[in-house]
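Here is the structure we will look at, set down as structure tokens.
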Amino acid sequence: MAEGNWQFPRTVVGGISLPRMLIGTNWILGYSHTGHAADKMIHARNHNTEAIGDILDAYLDYGIDAIMGPIAGADDYFINAIKQTEQRRGREIIMIDTPTINVDDNEAARKEARDLIEKGAKRGCKFCLPHHTRVEQLIDKNKEEIRRISDYLAMIRDAGMVPGFSAHMPEVILYSDARGYDAETYIQLFNCMGFLMQIEVETVARIIHDAKKPVMTIKPMAAGRVTPYVGLTFSFNAIRDIDMVTLGAFTPDEVHEDVEIARAALEHRYPNIAKRSSPAAAQALLK
């Protein structure tokens, strides 16, 4: 396991220092990407402030003090867990909001989007990156642009947050960089399996390496389809020093183990982790 006093390397995004590992929230909020039974398991364990606080404490032990998720739309128990942890640890947790805004082209929808963005700001978010499901509704592949995205980026700036947006479609980063949109960072789906990715892993890797702004990668373990050793070793060796990996965890023990794996990847060594248990433990390789 990683030593408790070791602090995760950092980068700078929009003038704000961030750890190169970000706290993911799918395995806190109940989005397993595997099935309803797993979602129920997450809710059964982590649908309370104490369980979330324990997970956040484990991340903070390594200086991992930034969390990504639907902050504006989250239930109070989740926000309370963040605030209580901040008070207990005497340390701010930087919140990166990924709101599912209404992008319909009418005044009522724009007001709804602005209200949700401002709600995130009022909750203390430093970053706002609208969710990919909304950003991608605005993609115009023919004109190679993201229609009206500047309207929402301006709303984010007006609310006092650092703007960016989330992408599953790789065109999002390409069009933003080419058009010079006011985005300080991007969220990009990236994992060794190509899980949920729309084009080859190699091409997305090139897009990340060529991006004009730091990239926050997500789903490094393909939502549990590869082990942490495989997923994190790949991700931290496939991105730049300015980029980040978003890692969710179900328990504090998972945090400690995964941080050691990530640290080992950064230091180009084998991680100091326990061997897996097995009913065939007498085999020589498992001793």
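Ordering of the structure tokens sets the chain letters (A, B, ...); residue numbers start at 1 within each chain; ligands are numbered from 1 in the order shown.
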(Q) If you run DSSP on the backbone here, which positions in region 123-227 of chain A get strand (DSSP E)? Please write them as a VMD selection string. (A) chain A and resid 127 to 128 139 to 140 145 to 146 162 to 167 185 to 189 215 to 218
Writer output for current selection, N, CA, C and O atoms, as a compact mmCIF listing (two decimals), in the first residue's frame:
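File written: again16.txt
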# COMPACT_ATOMS: atom_id res chain seq x y z
N PHE A 127 -15.08 24.14 -10.67
CA PHE A 127 -15.11 23.83 -12.10
C PHE A 127 -16.52 23.42 -12.50
O PHE A 127 -17.26 22.84 -11.70
N CYS A 128 -16.86 23.70 -13.75
CA CYS A 128 -18.13 23.24 -14.29
C CYS A 128 -17.89 22.74 -15.71
O CYS A 128 -17.48 23.51 -16.59
N ILE A 139 -23.10 19.05 -31.26
CA ILE A 139 -22.04 18.80 -32.24
C ILE A 139 -22.59 18.89 -33.67
O ILE A 139 -23.62 18.29 -34.00
N ASP A 140 -21.91 19.65 -34.50
CA ASP A 140 -22.21 19.73 -35.93
C ASP A 140 -20.97 19.22 -36.67
O ASP A 140 -20.00 19.95 -36.84
N GLU A 145 -18.11 22.13 -35.53
CA GLU A 145 -18.30 23.10 -34.46
C GLU A 145 -19.23 22.53 -33.41
O GLU A 145 -19.89 21.51 -33.63
N ILE A 146 -19.24 23.17 -32.25
CA ILE A 146 -20.18 22.82 -31.18
C ILE A 146 -21.12 24.01 -31.05
O ILE A 146 -20.76 25.06 -30.50
N VAL A 162 -14.47 27.74 -13.35
CA VAL A 162 -13.60 27.46 -14.49
C VAL A 162 -14.38 26.59 -15.48
O VAL A 162 -14.90 25.53 -15.10
N PRO A 163 -14.46 27.00 -16.75
CA PRO A 163 -15.28 26.26 -17.71
C PRO A 163 -14.51 25.18 -18.48
O PRO A 163 -13.30 25.25 -18.68
N GLY A 164 -15.25 24.17 -18.87
CA GLY A 164 -14.77 23.12 -19.75
C GLY A 164 -15.97 22.30 -20.14
O GLY A 164 -17.11 22.68 -19.88
N PHE A 165 -15.75 21.14 -20.76
CA PHE A 165 -16.88 20.26 -21.02
C PHE A 165 -16.42 18.83 -21.17
O PHE A 165 -15.24 18.54 -21.37
N SER A 166 -17.39 17.91 -21.05
CA SER A 166 -17.12 16.49 -21.06
C SER A 166 -17.30 15.93 -22.47
O SER A 166 -18.11 16.42 -23.24
N ALA A 167 -16.51 14.88 -22.77
CA ALA A 167 -16.56 14.30 -24.10
C ALA A 167 -16.48 12.78 -24.05
O ALA A 167 -15.62 12.23 -23.39
N THR A 185 -10.29 22.98 -19.79
CA THR A 185 -10.00 21.56 -19.63
C THR A 185 -11.11 20.75 -20.26
O THR A 185 -12.19 21.28 -20.56
N TYR A 186 -10.84 19.47 -20.49
CA TYR A 186 -11.83 18.56 -21.05
C TYR A 186 -11.87 17.27 -20.23
O TYR A 186 -10.85 16.84 -19.70
N ILE A 187 -13.05 16.68 -20.16
CA ILE A 187 -13.18 15.31 -19.66
C ILE A 187 -13.25 14.41 -20.87
O ILE A 187 -14.07 14.62 -21.76
N GLN A 188 -12.36 13.40 -20.94
CA GLN A 188 -12.35 12.49 -22.08
C GLN A 188 -12.34 11.04 -21.63
O GLN A 188 -11.51 10.63 -20.82
N LEU A 189 -13.26 10.26 -22.14
CA LEU A 189 -13.30 8.83 -21.93
C LEU A 189 -12.03 8.20 -22.50
O LEU A 189 -11.66 8.45 -23.64
N VAL A 215 -6.30 17.40 -19.85
CA VAL A 215 -7.43 16.50 -20.05
C VAL A 215 -7.65 15.66 -18.79
O VAL A 215 -6.71 15.11 -18.22
N MET A 216 -8.91 15.58 -18.36
CA MET A 216 -9.31 14.73 -17.25
C MET A 216 -9.86 13.44 -17.84
O MET A 216 -10.96 13.42 -18.39
N THR A 217 -9.09 12.34 -17.78
CA THR A 217 -9.57 11.10 -18.35
C THR A 217 -10.47 10.38 -17.36
O THR A 217 -10.31 10.50 -16.13
N ILE A 218 -11.43 9.61 -17.88
CA ILE A 218 -12.38 8.89 -17.03
C ILE A 218 -12.47 7.42 -17.47
O ILE A 218 -12.07 7.06 -18.56
Q: Would you please give, as a ChimeraX atom specification, all residues of region 15-251 of chain A that DSSP assigns to alpha helix (DSSP H) based on the backbone?
A: /A:26-29,36-46,49-60,76-89,107-122,132-135,149-158,171-179,201-210,228-238
Contact residues around region 43-53 of chain A with only C-alpha atoms at 8 Å, ignoring same-chain residues under 5 positions, as a JSON list (two decimals) with N, CA, C and O atoms, in the first residue's frame:
[["chain", "number", "residue", "atom", "x", "y", "z"],
["A", 28, "ILE", "N", -19.80, 5.73, -5.70],
["A", 28, "ILE", "CA", -20.39, 6.33, -4.51],
["A", 28, "ILE", "C", -21.88, 6.55, -4.73],
["A", 28, "ILE", "O", -22.71, 6.26, -3.88],
["A", 29, "LEU", "N", -22.22, 7.04, -5.91],
["A", 29, "LEU", "CA", -23.60, 7.43, -6.20],
["A", 29, "LEU", "C", -24.45, 6.32, -6.80],
["A", 29, "LEU", "O", -25.66, 6.45, -6.88],
["A", 30, "GLY", "N", -23.81, 5.22, -7.25],
["A", 30, "GLY", "CA", -24.60, 4.08, -7.70],
["A", 30, "GLY", "C", -24.69, 3.89, -9.19],
["A", 30, "GLY", "O", -25.69, 3.37, -9.69],
["A", 77, "TYR", "N", -27.31, 14.39, 1.09],
["A", 77, "TYR", "CA", -26.43, 13.51, 1.88],
["A", 77, "TYR", "C", -25.02, 13.50, 1.29],
["A", 77, "TYR", "O", -24.03, 13.43, 2.03],
["A", 78, "PHE", "N", -24.92, 13.58, -0.03],
["A", 78, "PHE", "CA", -23.63, 13.56, -0.70],
["A", 78, "PHE", "C", -22.88, 14.86, -0.46],
["A", 78, "PHE", "O", -21.69, 14.87, -0.11],
["A", 80, "ASN", "N", -23.41, 16.94, 2.00],
["A", 80, "ASN", "CA", -23.09, 17.01, 3.43],
["A", 80, "ASN", "C", -21.83, 16.20, 3.75],
["A", 80, "ASN", "O", -21.02, 16.60, 4.60],
["A", 81, "ALA", "N", -21.66, 15.06, 3.08],
["A", 81, "ALA", "CA", -20.47, 14.25, 3.31],
["A", 81, "ALA", "C", -19.21, 15.01, 2.92],
["A", 81, "ALA", "O", -18.19, 14.96, 3.63],
["A", 82, "ILE", "N", -19.26, 15.72, 1.81],
["A", 82, "ILE", "CA", -18.11, 16.52, 1.38],
["A", 82, "ILE", "C", -17.83, 17.62, 2.39],
["A", 82, "ILE", "O", -16.68, 17.82, 2.83],
["A", 84, "GLN", "N", -18.76, 17.93, 5.56],
["A", 84, "GLN", "CA", -18.33, 17.42, 6.86],
["A", 84, "GLN", "C", -16.88, 16.94, 6.82],
["A", 84, "GLN", "O", -16.13, 17.14, 7.79],
["A", 85, "THR", "N", -16.50, 16.34, 5.72],
["A", 85, "THR", "CA", -15.11, 15.89, 5.59],
["A", 85, "THR", "C", -14.17, 17.08, 5.54],
["A", 85, "THR", "O", -13.08, 17.06, 6.15],
["A", 250, "PHE", "N", -15.11, 1.95, -4.20],
["A", 250, "PHE", "CA", -16.26, 1.47, -3.44],
["A", 250, "PHE", "C", -16.01, 1.51, -1.94],
["A", 250, "PHE", "O", -16.92, 1.70, -1.15]]
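Between CA of Thr246 (chain A) and CA of Ile71 (chain A) there is a distance of 15.4 Å.
One distance worth recording is that between CA of Asn272 (chain A) and CA of Asp258 (chain A), which is 10.6 Å.
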